[in-house]
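Peer 1: Following this message is one structure expressed as structure tokens.
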Amino acid sequence: NKVYNFNTSIYSNNGNTINFSTSQPINEKLLSRFSISKNYTNGYIKNLSDVSNPKYNTNSKNEFLIRSKFLFLPNNSTNILITTYYIDLNNNYDMWTPDNNGYTTYSDFQGKDIHRNKSLSINANFELNNKLLTYISSYSDNDIYYSYDGDWGNLTYWDSQYGYNENAQGYFGPYYFTDITYRKRYTSSHELRLKYPVNKNMILMSGLYYSNTKETDNRDGWLFAGEAFNINSIFNIENYAVYS
């Protein structure tokens with residue numbers, strides 16, 4: 001049977017959500033399910049970096065997700081589930097304030113919290129003579145961008161509230177710091193396991209497992225109290241396991 005679901009909502013701070021899903025048999029041996037979700041809100045932050053032109057979306061959330069599932073049933077002893085994801089989180093980030101008031105910010109650099117993800121997983125099960133063979137595989141590709149205003153304010157704010165004068169003797173120029181991190185991460189894993197009865201009172205499971213994570217990080221900002229302005233990191237992590 002075909003099934004459709006849809007819901008939407010509207011809430012404060014220009015917020016709205018839309019969700020849609022459907023389950024449909026493609027044929028007698030192949031079933032499918034699709035889901036789409038979207039969420040947006042301006043957030044509850046008012047930014048006063050420009051007092052004459054307040055901004056109300058500097059901490060906004062704009063999020064989108066697509067998920068698909070396919071279940072293949074070629075016979076009574078085999079089932080294969082394939083799942084895919086596409087996630088796009090395109091959010092602004094503006095939370096830090098010198099006075100910690102929680103609702104009004106003064107930052108003059110627009111922070112971002114962006115995450116784009118593409119994922120795939122396969123879960124296959126095969127039964128034969130009271131034995132169950134399972135294969136699990138997954139892959140994930142991630143692009144992540146994270147930034148914020150490291151000084152939490154703007155030059156007018158620092159001057160009016162704390163008397164900071166960038167041109168006066170003893171001061172080191174504009175009080176302006178940003179923190180930006182770009183991260184690229186790939187992960188994959190593969191597992192093969194066999195479950196079988198040893199006797200009437202004992203079941204044994206044995207398997208092989210492998211995973212790999214590759215990541216590059218590039219960060220710019222006021223780091224280690226100004227001792228560094230950039231950090232570049234590379235990770236390549238592999239795990240192997242044999243278990244029973």
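In the structure tokens, the first chain shown is A, the next is B, and so on; residue numbers restart at 1 for each chain, and ligands run from 1 in the order shown.
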Taking the DSSP secondary structure from the backbone, can you list the residues of range 11-238 of chain A that are strand (DSSP E or B), as JSON, numbers by chain?
Peer 2: {"A": [11, 15, 16, 17, 18, 19, 20, 21, 22, 23, 24, 25, 26, 27, 30, 31, 32, 33, 34, 35, 36, 37, 38, 39, 40, 41, 46, 47, 55, 61, 62, 63, 64, 65, 66, 67, 68, 69, 70, 71, 72, 73, 74, 75, 78, 79, 80, 81, 82, 83, 84, 85, 86, 87, 88, 89, 90, 91, 92, 93, 104, 105, 111, 112, 113, 114, 115, 116, 117, 118, 119, 120, 121, 122, 123, 124, 125, 126, 127, 128, 131, 132, 133, 134, 135, 136, 137, 138, 139, 140, 141, 142, 143, 144, 145, 146, 147, 148, 149, 178, 179, 180, 181, 182, 183, 184, 185, 186, 187, 188, 189, 190, 191, 192, 193, 194, 195, 196, 197, 198, 199, 202, 203, 204, 205, 206, 207, 208, 209, 210, 211, 212, 213, 214, 215, 216, 217, 218, 219, 220, 221, 222, 223, 228, 229, 230, 231, 232, 233, 234, 235, 236, 237, 238]}
Peer 1: Output C-alpha atoms of each residue in that selection to a file, as a short mmCIF file (atom, residue, chain, number, x, y, z; two decimals), in the first residue's frame.
Peer 2:
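The resulting file, again.cif, is shown below:
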data_model
loop_
_atom_site.label_atom_id
_atom_site.label_comp_id
_atom_site.auth_asym_id
_atom_site.auth_seq_id
_atom_site.Cartn_x
_atom_site.Cartn_y
_atom_site.Cartn_z
CA TYR A 11 5.95 29.54 14.92
CA GLY A 15 9.82 30.02 12.04
CA ASN A 16 8.35 27.36 9.80
CA THR A 17 8.79 23.64 9.25
CA ILE A 18 7.72 21.34 6.41
CA ASN A 19 7.87 17.54 6.58
CA PHE A 20 6.88 15.07 3.89
CA SER A 21 7.30 11.30 3.71
CA THR A 22 6.01 8.52 1.52
CA SER A 23 6.23 4.74 1.56
CA GLN A 24 5.74 2.97 -1.74
CA PRO A 25 6.25 -0.60 -2.94
CA ILE A 26 8.07 -0.53 -6.27
CA ASN A 27 7.25 -4.19 -6.87
CA LEU A 30 11.40 -3.93 -3.52
CA LEU A 31 9.97 -1.43 -1.03
CA SER A 32 10.87 2.24 -0.73
CA ARG A 33 10.47 5.16 1.68
CA PHE A 34 11.37 8.82 1.15
CA SER A 35 11.46 11.67 3.67
CA ILE A 36 12.03 15.39 3.18
CA SER A 37 12.29 17.92 6.01
CA LYS A 38 12.90 21.66 6.02
CA ASN A 39 13.17 24.00 8.99
CA TYR A 40 13.78 27.75 9.17
CA THR A 41 13.75 30.37 11.92
CA LYS A 46 18.80 40.93 17.86
CA ASN A 47 22.17 42.14 16.58
CA LYS A 55 19.50 42.56 12.35
CA LYS A 61 18.53 28.27 11.35
CA ASN A 62 18.02 27.01 7.79
CA GLU A 63 18.07 23.20 7.70
CA PHE A 64 17.19 20.69 4.99
CA LEU A 65 17.20 16.87 4.96
CA ILE A 66 16.43 14.17 2.41
CA ARG A 67 16.42 10.49 3.37
CA SER A 68 15.68 7.47 1.21
CA LYS A 69 15.37 3.79 2.12
CA PHE A 70 15.11 0.77 -0.16
CA LEU A 71 14.35 -2.71 1.18
CA PHE A 72 15.08 -5.55 -1.25
CA LEU A 73 13.53 -8.97 -0.46
CA PRO A 74 14.62 -11.33 -3.25
CA ASN A 75 13.61 -14.46 -1.28
CA THR A 78 17.62 -12.61 2.15
CA ASN A 79 16.96 -8.94 2.92
CA ILE A 80 19.03 -5.93 1.88
CA LEU A 81 18.40 -2.43 3.27
CA ILE A 82 20.01 0.59 1.56
CA THR A 83 19.74 4.00 3.25
CA THR A 84 20.92 7.36 1.90
CA TYR A 85 21.04 10.79 3.52
CA TYR A 86 21.59 14.31 2.25
CA ILE A 87 21.74 16.94 4.99
CA ASP A 88 22.29 20.67 4.46
CA LEU A 89 22.51 22.80 7.61
CA ASN A 90 23.07 26.40 6.55
CA ASN A 91 22.84 28.19 9.90
CA ASN A 92 24.07 31.54 11.12
CA TYR A 93 25.86 31.70 14.46
CA THR A 104 21.11 41.11 22.15
CA THR A 105 24.50 40.84 20.44
CA GLY A 111 29.36 33.68 12.31
CA LYS A 112 28.32 30.54 10.43
CA ASP A 113 27.50 26.96 11.41
CA ILE A 114 27.32 25.06 8.11
CA HIS A 115 27.32 21.30 7.71
CA ARG A 116 26.70 19.41 4.48
CA ASN A 117 26.55 15.63 4.68
CA LYS A 118 26.11 12.84 2.14
CA SER A 119 25.80 9.35 3.61
CA LEU A 120 25.13 5.81 2.42
CA SER A 121 24.65 2.59 4.37
CA ILE A 122 23.99 -1.00 3.35
CA ASN A 123 22.75 -3.72 5.68
CA ALA A 124 22.40 -7.18 4.11
CA ASN A 125 21.32 -10.40 5.84
CA PHE A 126 21.51 -13.92 4.42
CA GLU A 127 20.10 -16.98 6.22
CA LEU A 128 21.27 -20.51 5.40
CA LYS A 131 23.29 -19.57 10.07
CA LEU A 132 22.95 -15.81 9.60
CA LEU A 133 25.53 -13.92 7.55
CA THR A 134 25.37 -10.12 7.89
CA TYR A 135 27.22 -7.48 5.91
CA ILE A 136 27.16 -3.83 7.05
CA SER A 137 28.81 -0.99 5.15
CA SER A 138 28.62 2.78 5.58
CA TYR A 139 30.10 5.89 4.01
CA SER A 140 29.84 9.54 5.03
CA ASP A 141 31.16 12.70 3.34
CA ASN A 142 31.10 15.88 5.45
CA ASP A 143 31.87 19.52 4.71
CA ILE A 144 31.83 21.62 7.88
CA TYR A 145 32.33 25.38 8.22
CA TYR A 146 32.22 26.99 11.66
CA SER A 147 32.98 30.61 12.51
CA TYR A 148 32.17 33.31 15.04
CA ASP A 149 33.13 36.82 16.09
CA THR A 178 37.46 36.29 14.08
CA ASP A 179 37.60 32.53 14.46
CA ILE A 180 37.04 30.38 11.36
CA THR A 181 37.32 26.59 11.00
CA TYR A 182 36.85 24.61 7.82
CA ARG A 183 36.74 20.83 8.19
CA LYS A 184 36.52 18.08 5.57
CA ARG A 185 35.79 14.58 6.91
CA TYR A 186 35.32 11.22 5.18
CA THR A 187 34.35 8.13 7.16
CA SER A 188 33.73 4.57 5.98
CA SER A 189 33.26 1.24 7.72
CA HIS A 190 32.72 -2.37 6.70
CA GLU A 191 31.69 -5.31 8.85
CA LEU A 192 31.09 -8.98 8.07
CA ARG A 193 29.64 -11.21 10.78
CA LEU A 194 28.44 -14.78 11.03
CA LYS A 195 25.97 -15.96 13.68
CA TYR A 196 25.44 -19.69 14.12
CA PRO A 197 24.45 -22.23 16.82
CA VAL A 198 27.27 -24.27 18.37
CA ASN A 199 24.83 -26.55 20.19
CA MET A 202 25.04 -21.77 22.75
CA ILE A 203 25.09 -19.36 19.80
CA LEU A 204 28.37 -18.00 18.48
CA MET A 205 28.91 -14.77 16.56
CA SER A 206 32.20 -14.08 14.75
CA GLY A 207 33.16 -11.17 12.58
CA LEU A 208 35.61 -8.87 10.83
CA TYR A 209 35.51 -5.07 11.06
CA TYR A 210 37.34 -2.20 9.37
CA SER A 211 36.86 1.57 9.53
CA ASN A 212 38.69 4.56 8.14
CA THR A 213 38.43 8.27 8.96
CA LYS A 214 40.18 10.96 6.94
CA GLU A 215 39.93 14.57 8.07
CA THR A 216 41.55 17.89 7.26
CA ASP A 217 41.11 20.93 9.52
CA ASN A 218 42.04 24.50 8.64
CA ARG A 219 41.57 27.05 11.41
CA ASP A 220 42.25 30.78 11.37
CA GLY A 221 41.90 33.03 14.39
CA TRP A 222 43.43 34.46 17.54
CA LEU A 223 44.96 31.20 18.75
CA ALA A 228 49.43 31.62 16.32
CA PHE A 229 46.94 32.72 13.68
CA ASN A 230 46.53 29.48 11.74
CA ILE A 231 46.45 25.74 12.44
CA ASN A 232 46.30 23.07 9.72
CA SER A 233 45.73 19.47 10.80
CA ILE A 234 45.46 16.16 8.93
CA PHE A 235 44.08 12.94 10.40
CA ASN A 236 44.03 9.46 8.88
CA ILE A 237 42.70 6.89 11.37
CA GLU A 238 42.21 3.20 10.62
#
Peer 1: Please list as a list in words every residue within 9 Å of Tyr56 in chain A, counting only C-alpha atoms and excluding residues in the same chain fewer than 6 positions away.
Peer 2: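 My list of contacting residues is Asn13, Asn42, Gly43, Tyr44, Ile45, Lys46 and Asn47 of chain A.
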